[in-house]
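S.K.: Take this structure, written in C-alpha cells, and hold onto it; I'll ask about it next.
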Amino acid sequence: TTTKKNNPMIAQRNTMLMSRASSVRTHSRLGHALAAPRSHAAISVRPRLVCRASDDDGDFESKLAALKLSKKKPEKRVTFEERKKEQKAKAAAIAAETTSGTMTTMSEADWAGETVFYEGAPSSGETAVNVALAATLVWLPLTAAALGRKLWINYKITDKRVCVETDSPFKKESLNVGYNDIVRVDVVGRGVGLWGDAVITCRDGSKIEMRGLEKFLEVKKYIEERMPTQKQREASEYYDPMAE
C-alpha cells in the first residue's frame with residue numbers, strides 16, 4: 001500500500017481520471033440546463049397590432065377606383081400610312097374650298113397702264129447653289145432645271161396681274177392671272193431666306209409656281225393686299241383692285 005501511494009505514475013493517472021470525471025459531470029449539468037423548458041415568466045410576449053376595418057377603408061377603395069377610371073388611356077401611335085391619308089384629306093379639303101369657279105380670261109387691254117412691282121428671273125443664288133451641287137452627279141437634273149429657269153423664265157408682279165413668262169426653244173408661254181382669280185398664296189423660304197418659292201392657287205384649283213423668287217415675302221404681302229375677300233367674291237363676279 002505504501003508503494004502505490006508513493007509511486008508518482010499512479011498518482012498522475014489518478015489525477016487525470018478525476019479531472020475527466022469532473023468535466024463529464026459539468027457537461028451533463030449544462031445539457032440538463034439547456035434541455036429544461038423555459039418558465040413562462042422568462043418568455044417575453046410581444047404586443048400584437050390588430051387592424052379593424054372601418055368606413056374610411058370603403059372611402060379609400062372608392063377613391064382608388066375613381067382614380068383608375070380617370071386615368072387616360074395611352075394615345076395610339078399614328079402610322080405613316082394614317083398620317084399620309086390625313087394629309088391627303090386636308091389637301092382635298094383645301095382644294096374644295098379654293099375651287100369655286102372658272103378663270104377669267106385676260107387680254108392686253110386688262111393690264112394696260114399697269115404699274116410693275118417686281119420683275120425678274122429666278123434668283124442667281126439659287127442657280128449658283130444648284131451648279132455647285134452638280135459635282136455630286138446626283139444633282140445634275142436639278143441643276144439643269146435651275147439653269148433652264150434662269151435662262152428662259154421671267155416673273156412679273158404688277159398692280160393688275162401676276163405673270164409668268166416662258167421663252168425657251170421648246171416652249172413659249174405667258175400665264176397671266178388677275179387678282180380676282182387668286183384665292184391663296186403660299187411661300188417657302190430658301191437659301192437662308194435670301195430667296196423663296198411661291199405657289200399661287202387659282203379659283204379653278206390650278207396652281208402657278210414661282211421658284212427662286214427674290215423678295216418673296218414682300219411679293220406675298222403685295223398679292224394678298226389685292227386679293228378680293230370672300231364677301232367681295234360673292235358680291236361681284238369680277239373684282240378689280242384698281243377700282244378702289
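Residue numbers start at 1 in each chain; chains themselves are named A, B, ... in the order of the C-alpha cells; ligands are numbered from 1 in the order shown.
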Among the residues of region 175-237 of chain A, find those DSSP assigns to strand (DSSP E or B) from the backbone and print them as a list in words.
M.R.: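 Matching residues, listed in order: Leu175, Asn176, Val177, Ile182, Val183, Arg184, Val185, Asp186, Val187, Val188, Gly189, Arg190, Trp195, Gly196, Asp197, Ala198, Val199, Ile200, Thr201, Cys202, Lys207, Ile208, Glu209, Met210, Arg211, Gly212 and Leu213 of chain A.
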S.K.: May I ask for the distance between CA of Asp186 (chain A) and CA of Glu165 (chain A), given in Å to one decimal place?
M.R.: 19.9 Å
S.K.: As a list in words, please: the residues near Ile157 (chain A) (cut-off 9 Å, only C-alpha atoms, same-chain neighbours under 5 positions excluded).
M.R.: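 Those residues are Thr115, Val116, Phe117, Tyr118, Glu119, Val162, Cys163, Val164, Val219, Tyr222 and Ile223 of chain A.
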S.K.: Go ahead and write the residues just picked, C-alpha atoms, as a JSON list (two decimals), in the first residue's frame.
M.R.:
[["chain", "number", "residue", "atom", "x", "y", "z"],
["A", 115, "THR", "CA", -47.51, 99.59, -112.50],
["A", 116, "VAL", "CA", -44.79, 96.96, -112.10],
["A", 117, "PHE", "CA", -43.97, 95.99, -108.51],
["A", 118, "TYR", "CA", -41.48, 93.20, -109.23],
["A", 119, "GLU", "CA", -39.95, 91.80, -112.42],
["A", 162, "VAL", "CA", -49.30, 88.07, -111.87],
["A", 163, "CYS", "CA", -47.41, 86.96, -114.94],
["A", 164, "VAL", "CA", -45.06, 84.02, -115.52],
["A", 219, "VAL", "CA", -44.47, 89.69, -103.08],
["A", 222, "TYR", "CA", -48.42, 92.63, -102.13],
["A", 223, "ILE", "CA", -50.60, 89.93, -103.71]]
S.K.: State, in Å with one decimal place, the distance from CA of Gly189 (chain A) to CA of Glu209 (chain A).
M.R.: 13.8 Å
S.K.: What's the 9 Å shell around region 105-114 of chain A, counting only C-alpha atoms, without same-chain residues fewer than 3 positions away, as an NGL selection string?
M.R.: :A and (158-161 or 176-178)
S.K.: Within 10 Å of region 196-202 of chain A, which residues of region 85-192 of chain A come that close, and what is the closest atom pair and distance in Å for each? Count only C-alpha atoms and give it as a Markdown table.
M.R.:
| residue | atom | partner | partner_atom | distance |
| --- | --- | --- | --- | --- |
| A:Ala95 | CA | A:Thr201 | CA | 8.9 |
| A:Thr98 | CA | A:Cys202 | CA | 7.3 |
| A:Thr99 | CA | A:Cys202 | CA | 7.6 |
| A:Ser100 | CA | A:Cys202 | CA | 9.3 |
| A:Gly101 | CA | A:Cys202 | CA | 9.4 |
| A:Thr102 | CA | A:Cys202 | CA | 9.1 |
| A:Met103 | CA | A:Cys202 | CA | 7.7 |
| A:Pro122 | CA | A:Gly196 | CA | 9.5 |
| A:Ser123 | CA | A:Gly196 | CA | 8.8 |
| A:Glu126 | CA | A:Gly196 | CA | 9.1 |
| A:Val162 | CA | A:Ile200 | CA | 9.4 |
| A:Val177 | CA | A:Cys202 | CA | 8.1 |
| A:Gly178 | CA | A:Cys202 | CA | 9.4 |
| A:Tyr179 | CA | A:Cys202 | CA | 9.2 |
| A:Asn180 | CA | A:Cys202 | CA | 9.0 |
| A:Asp181 | CA | A:Cys202 | CA | 5.5 |
| A:Ile182 | CA | A:Cys202 | CA | 4.6 |
| A:Val183 | CA | A:Cys202 | CA | 5.7 |
| A:Arg184 | CA | A:Thr201 | CA | 5.0 |
| A:Val185 | CA | A:Ile200 | CA | 4.7 |
| A:Asp186 | CA | A:Val199 | CA | 5.2 |
| A:Val187 | CA | A:Ala198 | CA | 4.3 |
| A:Val188 | CA | A:Asp197 | CA | 5.3 |
| A:Gly189 | CA | A:Gly196 | CA | 4.1 |
| A:Arg190 | CA | A:Gly196 | CA | 4.7 |
| A:Gly191 | CA | A:Gly196 | CA | 7.5 |
| A:Val192 | CA | A:Gly196 | CA | 9.2 |
S.K.: Suppose we keep N, CA, C and O atoms; can you now write the selection as an mmCIF file, in the first residue's frame?
M.R.:
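Once everything was written out, this is again25.cif:
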data_model
loop_
_atom_site.group_PDB
_atom_site.id
_atom_site.type_symbol
_atom_site.label_atom_id
_atom_site.label_comp_id
_atom_site.auth_asym_id
_atom_site.auth_seq_id
_atom_site.Cartn_x
_atom_site.Cartn_y
_atom_site.Cartn_z
ATOM 1 N N ALA A 95 -58.459 72.115 -101.417
ATOM 2 C CA ALA A 95 -58.800 72.225 -102.839
ATOM 3 C C ALA A 95 -60.288 72.465 -103.038
ATOM 4 O O ALA A 95 -60.704 73.230 -103.913
ATOM 5 N N THR A 98 -60.962 76.181 -102.203
ATOM 6 C CA THR A 98 -60.421 77.162 -103.135
ATOM 7 C C THR A 98 -61.021 77.053 -104.534
ATOM 8 O O THR A 98 -60.961 77.991 -105.309
ATOM 9 N N THR A 99 -61.572 75.914 -104.885
ATOM 10 C CA THR A 99 -62.150 75.740 -106.209
ATOM 11 C C THR A 99 -63.600 76.201 -106.182
ATOM 12 O O THR A 99 -64.459 75.541 -105.617
ATOM 13 N N SER A 100 -63.864 77.330 -106.753
ATOM 14 C CA SER A 100 -65.212 77.887 -106.684
ATOM 15 C C SER A 100 -65.674 78.501 -107.997
ATOM 16 O O SER A 100 -66.591 79.294 -108.010
ATOM 17 N N GLY A 101 -65.010 78.210 -109.087
ATOM 18 C CA GLY A 101 -65.464 78.794 -110.343
ATOM 19 C C GLY A 101 -64.434 78.645 -111.427
ATOM 20 O O GLY A 101 -63.446 77.936 -111.295
ATOM 21 N N THR A 102 -64.660 79.321 -112.525
ATOM 22 C CA THR A 102 -63.755 79.288 -113.660
ATOM 23 C C THR A 102 -62.895 80.537 -113.685
ATOM 24 O O THR A 102 -63.224 81.553 -113.066
ATOM 25 N N MET A 103 -61.817 80.446 -114.420
ATOM 26 C CA MET A 103 -60.886 81.566 -114.526
ATOM 27 C C MET A 103 -61.414 82.610 -115.511
ATOM 28 O O MET A 103 -62.118 82.289 -116.467
ATOM 29 N N PRO A 122 -35.490 84.093 -111.987
ATOM 30 C CA PRO A 122 -35.218 83.476 -110.684
ATOM 31 C C PRO A 122 -33.875 83.931 -110.109
ATOM 32 O O PRO A 122 -32.981 84.404 -110.827
ATOM 33 N N SER A 123 -33.715 83.767 -108.820
ATOM 34 C CA SER A 123 -32.549 84.263 -108.104
ATOM 35 C C SER A 123 -31.259 83.633 -108.625
ATOM 36 O O SER A 123 -31.195 82.435 -108.911
ATOM 37 N N GLU A 126 -29.934 80.893 -106.237
ATOM 38 C CA GLU A 126 -30.466 79.542 -106.422
ATOM 39 C C GLU A 126 -29.705 78.822 -107.534
ATOM 40 O O GLU A 126 -29.353 77.649 -107.418
ATOM 41 N N VAL A 162 -50.509 88.842 -112.134
ATOM 42 C CA VAL A 162 -49.302 88.070 -111.867
ATOM 43 C C VAL A 162 -48.985 87.318 -113.147
ATOM 44 O O VAL A 162 -49.824 86.566 -113.657
ATOM 45 N N VAL A 177 -52.608 85.992 -114.542
ATOM 46 C CA VAL A 177 -53.685 85.765 -113.585
ATOM 47 C C VAL A 177 -54.041 87.081 -112.915
ATOM 48 O O VAL A 177 -53.161 87.763 -112.372
ATOM 49 N N GLY A 178 -55.309 87.427 -112.969
ATOM 50 C CA GLY A 178 -55.779 88.615 -112.260
ATOM 51 C C GLY A 178 -56.008 88.325 -110.792
ATOM 52 O O GLY A 178 -56.184 87.168 -110.377
ATOM 53 N N TYR A 179 -56.015 89.354 -109.985
ATOM 54 C CA TYR A 179 -56.141 89.163 -108.539
ATOM 55 C C TYR A 179 -57.522 88.638 -108.139
ATOM 56 O O TYR A 179 -57.664 88.028 -107.071
ATOM 57 N N ASN A 180 -58.505 88.836 -108.974
ATOM 58 C CA ASN A 180 -59.835 88.309 -108.662
ATOM 59 C C ASN A 180 -59.888 86.788 -108.768
ATOM 60 O O ASN A 180 -60.793 86.152 -108.224
ATOM 61 N N ASP A 181 -58.914 86.188 -109.452
ATOM 62 C CA ASP A 181 -58.877 84.734 -109.615
ATOM 63 C C ASP A 181 -57.929 84.045 -108.636
ATOM 64 O O ASP A 181 -57.808 82.818 -108.658
ATOM 65 N N ILE A 182 -57.254 84.805 -107.789
ATOM 66 C CA ILE A 182 -56.317 84.234 -106.821
ATOM 67 C C ILE A 182 -57.026 84.067 -105.482
ATOM 68 O O ILE A 182 -57.658 85.003 -104.983
ATOM 69 N N VAL A 183 -56.935 82.875 -104.931
ATOM 70 C CA VAL A 183 -57.589 82.604 -103.646
ATOM 71 C C VAL A 183 -56.601 82.253 -102.535
ATOM 72 O O VAL A 183 -56.967 82.258 -101.356
ATOM 73 N N ARG A 184 -55.352 81.968 -102.902
ATOM 74 C CA ARG A 184 -54.397 81.546 -101.874
ATOM 75 C C ARG A 184 -52.979 81.747 -102.386
ATOM 76 O O ARG A 184 -52.687 81.500 -103.557
ATOM 77 N N VAL A 185 -52.072 82.174 -101.459
ATOM 78 C CA VAL A 185 -50.658 82.340 -101.778
ATOM 79 C C VAL A 185 -49.846 81.689 -100.663
ATOM 80 O O VAL A 185 -50.006 82.030 -99.492
ATOM 81 N N ASP A 186 -48.970 80.761 -101.029
ATOM 82 C CA ASP A 186 -48.092 80.096 -100.069
ATOM 83 C C ASP A 186 -46.644 80.296 -100.497
ATOM 84 O O ASP A 186 -46.322 80.169 -101.684
ATOM 85 N N VAL A 187 -45.787 80.590 -99.530
ATOM 86 C CA VAL A 187 -44.366 80.795 -99.823
ATOM 87 C C VAL A 187 -43.527 79.972 -98.851
ATOM 88 O O VAL A 187 -43.935 79.713 -97.716
ATOM 89 N N VAL A 188 -42.349 79.573 -99.316
ATOM 90 C CA VAL A 188 -41.375 78.833 -98.501
ATOM 91 C C VAL A 188 -40.009 79.444 -98.745
ATOM 92 O O VAL A 188 -39.590 79.590 -99.898
ATOM 93 N N GLY A 189 -39.315 79.817 -97.679
ATOM 94 C CA GLY A 189 -38.001 80.429 -97.815
ATOM 95 C C GLY A 189 -36.929 79.422 -98.183
ATOM 96 O O GLY A 189 -36.946 78.279 -97.732
ATOM 97 N N ARG A 190 -35.986 79.855 -99.007
ATOM 98 C CA ARG A 190 -34.839 79.040 -99.402
ATOM 99 C C ARG A 190 -33.574 79.875 -99.228
ATOM 100 O O ARG A 190 -33.623 81.095 -99.151
ATOM 101 N N GLY A 191 -32.434 79.168 -99.210
ATOM 102 C CA GLY A 191 -31.159 79.890 -99.167
ATOM 103 C C GLY A 191 -31.038 80.834 -98.004
ATOM 104 O O GLY A 191 -30.676 82.001 -98.168
ATOM 105 N N VAL A 192 -31.373 80.364 -96.796
ATOM 106 C CA VAL A 192 -31.300 81.171 -95.571
ATOM 107 C C VAL A 192 -32.151 82.429 -95.713
ATOM 108 O O VAL A 192 -31.787 83.498 -95.201
#
S.K.: A:Pro228, A:Gly205, A:Gly148, A:Gly212: which is nearest Ala92 (chain A), counting only C-alpha atoms?
M.R.: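 Smallest separation from Ala92 (chain A) among the options: A:Gly205.
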S.K.: Using only C-alpha atoms, find the one residue out of A:Phe216, A:Phe170, A:Trp139, A:Phe80 that sits nearest to Tyr155 (chain A).
M.R.: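 Of A:Phe216, A:Phe170, A:Trp139, A:Phe80, the one nearest Tyr155 (chain A), counting only C-alpha atoms, is A:Phe216.
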S.K.: Tell me, which residues of region 45-233 of chain A carry DSSP helix (DSSP H, G or I), written as a PyMOL selection string?
M.R.: chain A and resi 55-70+80-98+108-111+124-136+140-152+179-181+191-193+216-226+230-233
S.K.: Using only C-alpha atoms, which residue out of A:Gly125, A:Pro141, A:Pro169, A:Gly120 lies closest to Ile153 (chain A)?
M.R.: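 Closest to Ile153 (chain A), using only C-alpha atoms: A:Gly120.
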S.K.: Closest to Asp167 (chain A) among A:Lys221, A:Lys215, A:Arg77, A:Lys150, using only C-alpha atoms?
M.R.: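 Of A:Lys221, A:Lys215, A:Arg77, A:Lys150, the one nearest Asp167 (chain A) is A:Lys150, counting only C-alpha atoms.
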S.K.: Rounded to one decimal, what separation in Å do you get between CA of Leu151 (chain A) and CA of Leu217 (chain A)?
M.R.: 23.5 Å
